[in-house]
>>> print(open('query-v7.pdb').read())   # PDB, C-alpha atoms
ATOM      1  CA  MET C   1       0.000   0.000   0.000
ATOM      2  CA  THR C   2       1.238   3.491  -0.840
ATOM      3  CA  THR C   3       1.607   6.018   1.977
ATOM      4  CA  HIS C   4       0.407   9.610   1.750
ATOM      5  CA  VAL C   5       4.047  10.735   1.715
ATOM      6  CA  GLU C   6       4.895   8.461  -1.199
ATOM      7  CA  LEU C   7       1.842   9.635  -3.117
ATOM      8  CA  ALA C   8       2.607  13.306  -2.470
ATOM      9  CA  ALA C   9       6.210  12.905  -3.619
ATOM     10  CA  LYS C  10       5.110  11.058  -6.759
ATOM     11  CA  LEU C  11       2.556  13.740  -7.642
ATOM     12  CA  LEU C  12       5.111  16.504  -7.106
ATOM     13  CA  ARG C  13       7.595  14.750  -9.395
ATOM     14  CA  GLU C  14       4.921  14.214 -12.049
ATOM     15  CA  ALA C  15       4.073  17.921 -11.889
ATOM     16  CA  ALA C  16       7.771  18.708 -12.389
ATOM     17  CA  THR C  17       7.792  16.494 -15.472
ATOM     18  CA  LEU C  18       4.691  18.270 -16.764
ATOM     19  CA  PHE C  19       6.289  21.700 -16.334
ATOM     20  CA  ARG C  20       9.338  20.543 -18.273
ATOM     21  CA  SER C  21       7.195  19.078 -21.057
ATOM     22  CA  LEU C  22       5.462  22.445 -21.540
ATOM     23  CA  ALA C  23       8.725  24.233 -22.328
ATOM     24  CA  GLY C  24       8.776  25.614 -25.829
ATOM     25  CA  PRO C  25      10.746  27.911 -28.075
ATOM     26  CA  ASP C  26      10.525  30.867 -25.673
ATOM     27  CA  PRO C  27      13.758  30.668 -23.603
ATOM     28  CA  GLU C  28      12.405  32.884 -20.816
ATOM     29  CA  MET C  29       9.267  30.773 -20.389
ATOM     30  CA  SER C  30      11.296  27.569 -20.607
ATOM     31  CA  GLN C  31      13.550  28.816 -17.809
ATOM     32  CA  ARG C  32      10.573  29.698 -15.606
ATOM     33  CA  LEU C  33       8.996  26.290 -16.175
ATOM     34  CA  ASP C  34      12.289  24.577 -15.360
ATOM     35  CA  ASP C  35      12.547  26.678 -12.180
ATOM     36  CA  PHE C  36       9.045  25.533 -11.174
ATOM     37  CA  ALA C  37      10.006  21.925 -11.906
ATOM     38  CA  GLN C  38      13.087  22.205  -9.701
ATOM     39  CA  VAL C  39      11.011  23.577  -6.813
ATOM     40  CA  TYR C  40       8.525  20.714  -7.094
ATOM     41  CA  GLU C  41      11.367  18.177  -7.107
ATOM     42  CA  GLN C  42      12.949  19.812  -4.042
ATOM     43  CA  VAL C  43       9.655  19.707  -2.162
ATOM     44  CA  ALA C  44       9.220  16.036  -3.108
ATOM     45  CA  GLU C  45      12.632  15.348  -1.572
ATOM     46  CA  LEU C  46      11.690  17.281   1.589
ATOM     47  CA  VAL C  47       8.412  15.392   1.936
ATOM     48  CA  GLU C  48      10.185  12.053   1.635
ATOM     49  CA  SER C  49      13.164  12.843   3.841
ATOM     50  CA  ASP C  50      11.296  14.743   6.592
ATOM     51  CA  PRO C  51       7.516  14.226   6.325
ATOM     52  CA  GLY C  52       6.803  16.140   9.537
ATOM     53  CA  GLY C  53       9.271  18.931   8.849
ATOM     54  CA  GLU C  54       8.326  22.578   8.856
ATOM     55  CA  VAL C  55       9.258  25.492   6.622
ATOM     56  CA  ASP C  56       9.548  29.021   7.982
ATOM     57  CA  MET C  57       7.398  31.109   5.642
ATOM     58  CA  SER C  58       7.510  34.267   7.774
ATOM     59  CA  GLY C  59      10.464  35.855   5.980
ATOM     60  CA  PRO C  60      10.350  38.113   2.948
ATOM     61  CA  GLY C  61       9.104  36.527  -0.268
ATOM     62  CA  PRO C  62      10.689  36.659  -3.711
ATOM     63  CA  GLN C  63      11.652  40.086  -4.890
TER      64      GLN C  63
END
>>> encode(input="query-v7.pdb", output="structure tokens")
Amino acid sequence: MTTHVELAAKLLREAATLFRSLAGPDPEMSQRLDDFAQVYEQVAELVESDPGGEVDMSGPGPQ
């Protein structure tokens, strides 16, 4: 049986693959989609390695 953590990580990785598959001839858009894919893959790794971990979201966001 698959755990919630395993399912979440799999879905995040599949989303990363989807972002990469949407990349096209526009280099700027391709870079943004690859950046999104990398974030999803990093979160999948976090979910698997530390399922109960916390992220401090109180700091400043992207500029």
>>> residues_around(input="query-v7.pdb", residues="C:Ala37", least_positions_apart="2", cutoff="9 Å", atoms="all atoms listed in the file", output="list in words")
Leu12, Arg13, Ala15, Ala16, Thr17, Leu18, Phe19, Arg20, Arg32, Leu33, Asp34, Asp35, Val39, Tyr40, Glu41 and Gln42 of chain C
>>> write_last_selection(input="query-v7.pdb", atoms="C-alpha atoms", output="compact mmCIF listing (two decimals), in the frame of the given file")
# COMPACT_ATOMS: atom_id res chain seq x y z
CA LEU C 12 5.11 16.50 -7.11
CA ARG C 13 7.60 14.75 -9.40
CA ALA C 15 4.07 17.92 -11.89
CA ALA C 16 7.77 18.71 -12.39
CA THR C 17 7.79 16.49 -15.47
CA LEU C 18 4.69 18.27 -16.76
CA PHE C 19 6.29 21.70 -16.33
CA ARG C 20 9.34 20.54 -18.27
CA ARG C 32 10.57 29.70 -15.61
CA LEU C 33 9.00 26.29 -16.18
CA ASP C 34 12.29 24.58 -15.36
CA ASP C 35 12.55 26.68 -12.18
CA VAL C 39 11.01 23.58 -6.81
CA TYR C 40 8.52 20.71 -7.09
CA GLU C 41 11.37 18.18 -7.11
CA GLN C 42 12.95 19.81 -4.04
>>> resolve_selection(input="query-v7.pdb", expression="the PyMOL selection byres ((chain C and resi 46-61) around 9)", output="list in words")
Val5, Glu6, Ala8, Ala9, Glu41, Gln42, Val43, Ala44, Glu45, Pro62 and Gln63 of chain C
>>> atom_distance(input="query-v7.pdb", atom1="atom CA of C:Glu14", atom2="atom CA of C:Phe36")
12.1 Å
>>> build_atoms(input="query-v7.pdb", residues="stretch 7-40 of chain C", atoms="N, CA and C atoms", output="short mmCIF file (atom, residue, chain, number, x, y, z; two decimals), in the coordinates of the input")
data_model
loop_
_atom_site.label_atom_id
_atom_site.label_comp_id
_atom_site.auth_asym_id
_atom_site.auth_seq_id
_atom_site.Cartn_x
_atom_site.Cartn_y
_atom_site.Cartn_z
N LEU C 7 2.74 9.09 -2.11
CA LEU C 7 1.84 9.64 -3.12
C LEU C 7 2.13 11.11 -3.38
N ALA C 8 2.31 11.88 -2.32
CA ALA C 8 2.61 13.31 -2.47
C ALA C 8 3.90 13.52 -3.26
N ALA C 9 4.94 12.77 -2.92
CA ALA C 9 6.21 12.90 -3.62
C ALA C 9 6.06 12.53 -5.09
N LYS C 10 5.31 11.47 -5.37
CA LYS C 10 5.11 11.06 -6.76
C LYS C 10 4.36 12.13 -7.55
N LEU C 11 3.32 12.69 -6.96
CA LEU C 11 2.56 13.74 -7.64
C LEU C 11 3.40 14.99 -7.89
N LEU C 12 4.23 15.35 -6.93
CA LEU C 12 5.11 16.50 -7.11
C LEU C 12 6.09 16.26 -8.24
N ARG C 13 6.65 15.06 -8.32
CA ARG C 13 7.60 14.75 -9.40
C ARG C 13 6.89 14.72 -10.76
N GLU C 14 5.67 14.22 -10.79
CA GLU C 14 4.92 14.21 -12.05
C GLU C 14 4.59 15.64 -12.50
N ALA C 15 4.30 16.52 -11.55
CA ALA C 15 4.07 17.92 -11.89
C ALA C 15 5.35 18.54 -12.45
N ALA C 16 6.50 18.20 -11.88
CA ALA C 16 7.77 18.71 -12.39
C ALA C 16 7.98 18.26 -13.83
N THR C 17 7.67 17.01 -14.11
CA THR C 17 7.79 16.49 -15.47
C THR C 17 6.86 17.24 -16.42
N LEU C 18 5.64 17.53 -15.95
CA LEU C 18 4.69 18.27 -16.76
C LEU C 18 5.22 19.66 -17.08
N PHE C 19 5.74 20.37 -16.08
CA PHE C 19 6.29 21.70 -16.33
C PHE C 19 7.37 21.64 -17.40
N ARG C 20 8.25 20.65 -17.30
CA ARG C 20 9.34 20.54 -18.27
C ARG C 20 8.81 20.22 -19.67
N SER C 21 7.74 19.45 -19.74
CA SER C 21 7.20 19.08 -21.06
C SER C 21 6.51 20.26 -21.74
N LEU C 22 6.13 21.27 -20.97
CA LEU C 22 5.46 22.44 -21.54
C LEU C 22 6.44 23.47 -22.10
N ALA C 23 7.71 23.28 -21.85
CA ALA C 23 8.72 24.23 -22.33
C ALA C 23 8.68 24.27 -23.85
N GLY C 24 8.84 25.45 -24.38
CA GLY C 24 8.78 25.61 -25.83
C GLY C 24 9.90 26.47 -26.34
N PRO C 25 9.68 27.13 -27.44
CA PRO C 25 10.75 27.91 -28.08
C PRO C 25 11.11 29.20 -27.33
N ASP C 26 10.26 29.63 -26.42
CA ASP C 26 10.52 30.87 -25.67
C ASP C 26 11.49 30.56 -24.53
N PRO C 27 12.76 31.00 -24.63
CA PRO C 27 13.76 30.67 -23.60
C PRO C 27 13.38 31.17 -22.21
N GLU C 28 12.78 32.35 -22.13
CA GLU C 28 12.40 32.88 -20.82
C GLU C 28 11.33 32.01 -20.16
N MET C 29 10.33 31.63 -20.93
CA MET C 29 9.27 30.77 -20.39
C MET C 29 9.82 29.39 -20.06
N SER C 30 10.69 28.88 -20.88
CA SER C 30 11.30 27.57 -20.61
C SER C 30 12.08 27.60 -19.30
N GLN C 31 12.78 28.69 -19.05
CA GLN C 31 13.55 28.82 -17.81
C GLN C 31 12.62 28.86 -16.60
N ARG C 32 11.53 29.61 -16.72
CA ARG C 32 10.57 29.70 -15.61
C ARG C 32 9.95 28.34 -15.32
N LEU C 33 9.59 27.61 -16.37
CA LEU C 33 9.00 26.29 -16.18
C LEU C 33 10.00 25.33 -15.55
N ASP C 34 11.26 25.43 -15.96
CA ASP C 34 12.29 24.58 -15.36
C ASP C 34 12.49 24.95 -13.89
N ASP C 35 12.44 26.24 -13.58
CA ASP C 35 12.55 26.68 -12.18
C ASP C 35 11.41 26.08 -11.34
N PHE C 36 10.18 26.13 -11.88
CA PHE C 36 9.04 25.53 -11.17
C PHE C 36 9.28 24.04 -10.96
N ALA C 37 9.76 23.37 -12.00
CA ALA C 37 10.01 21.92 -11.91
C ALA C 37 11.02 21.62 -10.81
N GLN C 38 12.07 22.42 -10.73
CA GLN C 38 13.09 22.20 -9.70
C GLN C 38 12.50 22.37 -8.30
N VAL C 39 11.64 23.36 -8.12
CA VAL C 39 11.01 23.58 -6.81
C VAL C 39 10.15 22.37 -6.44
N TYR C 40 9.37 21.87 -7.37
CA TYR C 40 8.52 20.71 -7.09
C TYR C 40 9.37 19.49 -6.73
#
